[in-house]
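Colleague: Please read through the structure below; I'll follow up with questions.
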Amino acid sequence: MNQIVIMGRMTRDPELRQTPNGVSVASFTLAVDRGFAPKDGGERQTDFIDVVAWRNTAEFVSKYFVKGQMAAVTGRLQIRDWTDKDGNKRRSAEVVAENIYFTESKKSREASFGPVEPKDDFSGGYSTPVESSDFSELDMDDGELPF
């Protein structure tokens, strides 16, 4: 079984590209804090994990997520072997995203970044799940939730 779940902050805005066949692909990096502090009392370590998303998921993340925003990603680990410009064999690990989730409320997001408007700067023949549904953000305070 190859299932990954990570949560962290975007280190940059997602970069959306198109393959020669017109398939959308977005790449970004999440800064993920380790769940423990070193025994010597030092600061927690942070891992910077590369993530790639395809098709509708790529368009969704590039439209609604920005640098610094908290996100949760579920997907699978992929190891790629490649050769650099000097002919050396290299190996890279990345998470191929299946789902990307908002992990902070709209109110806390706006407090950190100001109002975040959806970005409409992508092209391609695919629509995001948000655009093709009756999705709308609820304007309510999370303080009344029982958990």
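Each chain of the structure tokens is named A, B, ... in the order shown, its residues numbered from 1; ligands are numbered from 1 in display order.
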Excluding Arg90 (chain A) and any residue of its chain fewer than 6 positions from it, enumerate the residues within 12 Å of it, using only C-alpha atoms, and give them as a PyMOL selection string.

Modeller: chain A and resi 79-84

Colleague: I need the residues from that last selection saved to file as a PDB file, in the first residue's frame (with N, CA and C atoms), if you can.

Modeller:
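The file below, result34.pdb, is the result:
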```
ATOM      1  N   ILE A  79       8.889   7.741  -6.601  1.00  0.00           N
ATOM      2  CA  ILE A  79      10.338   7.897  -6.709  1.00  0.00           C
ATOM      3  C   ILE A  79      10.687   7.955  -8.193  1.00  0.00           C
ATOM      4  N   ARG A  80      11.424   8.994  -8.581  1.00  0.00           N
ATOM      5  CA  ARG A  80      11.826   9.143  -9.990  1.00  0.00           C
ATOM      6  C   ARG A  80      13.340   9.084 -10.098  1.00  0.00           C
ATOM      7  N   ASP A  81      13.823   8.302 -11.022  1.00  0.00           N
ATOM      8  CA  ASP A  81      15.252   8.267 -11.354  1.00  0.00           C
ATOM      9  C   ASP A  81      15.464   9.131 -12.589  1.00  0.00           C
ATOM     10  N   TRP A  82      16.532   9.939 -12.585  1.00  0.00           N
ATOM     11  CA  TRP A  82      16.819  10.811 -13.715  1.00  0.00           C
ATOM     12  C   TRP A  82      18.314  11.067 -13.786  1.00  0.00           C
ATOM     13  N   THR A  83      18.749  11.612 -14.897  1.00  0.00           N
ATOM     14  CA  THR A  83      20.159  11.912 -15.121  1.00  0.00           C
ATOM     15  C   THR A  83      20.322  13.425 -15.224  1.00  0.00           C
ATOM     16  N   ASP A  84      21.255  13.982 -14.435  1.00  0.00           N
ATOM     17  CA  ASP A  84      21.462  15.435 -14.468  1.00  0.00           C
ATOM     18  C   ASP A  84      22.298  15.822 -15.686  1.00  0.00           C
TER      19      ASP A  84
END
```

Colleague: Please provide as a PyMOL selection string all residues within 12 Å of region 35-45 of chain A, with the sequence filter that same-chain residues fewer than 3 positions apart are discarded (counting only C-alpha atoms).

Modeller: chain A and resi 6-8+31-32+48

Colleague: Which residues, written as a PyMOL selection string, have at least one atom at most 9 Å from Val61 (chain A), with only C-alpha atoms counted and residues fewer than 3 positions away on the same chain left out?

Modeller: chain A and resi 14+16+26+53+56-58+64-66+100

Colleague: Selection from above, C-alpha atoms, as a PDB file, in the first residue's frame, can you write it?

Modeller:
```pdb
ATOM      1  CA  PRO A  14       1.560  26.512  -6.947  1.00  0.00           C
ATOM      2  CA  LEU A  16       0.583  25.459 -13.113  1.00  0.00           C
ATOM      3  CA  ALA A  26       0.808  21.854 -10.816  1.00  0.00           C
ATOM      4  CA  ALA A  53      -1.002  17.431  -8.837  1.00  0.00           C
ATOM      5  CA  ASN A  56      -8.600  19.032 -12.115  1.00  0.00           C
ATOM      6  CA  THR A  57      -6.645  18.791  -8.864  1.00  0.00           C
ATOM      7  CA  ALA A  58      -3.819  20.832 -10.420  1.00  0.00           C
ATOM      8  CA  TYR A  64      -7.361  28.534  -4.590  1.00  0.00           C
ATOM      9  CA  PHE A  65      -4.041  28.150  -2.736  1.00  0.00           C
ATOM     10  CA  VAL A  66      -1.247  30.677  -2.167  1.00  0.00           C
ATOM     11  CA  ILE A 100      -5.876  18.638  -1.474  1.00  0.00           C
TER      12      ILE A 100
END
```

Colleague: Kindly give the distance, in Å, that separates CA of Phe102 (chain A) and CA of Ala71 (chain A), rounded to a single decimal.

Modeller: 5.3 Å

Colleague: I'd like the neighbourhood of Trp54 (chain A) as a ChimeraX atom specification, where a residue qualifies if any of its atoms comes within 8 Å (using only C-alpha atoms), though same-chain residues fewer than 4 positions away should be ignored.

Modeller: /A:23-26,58-59,97
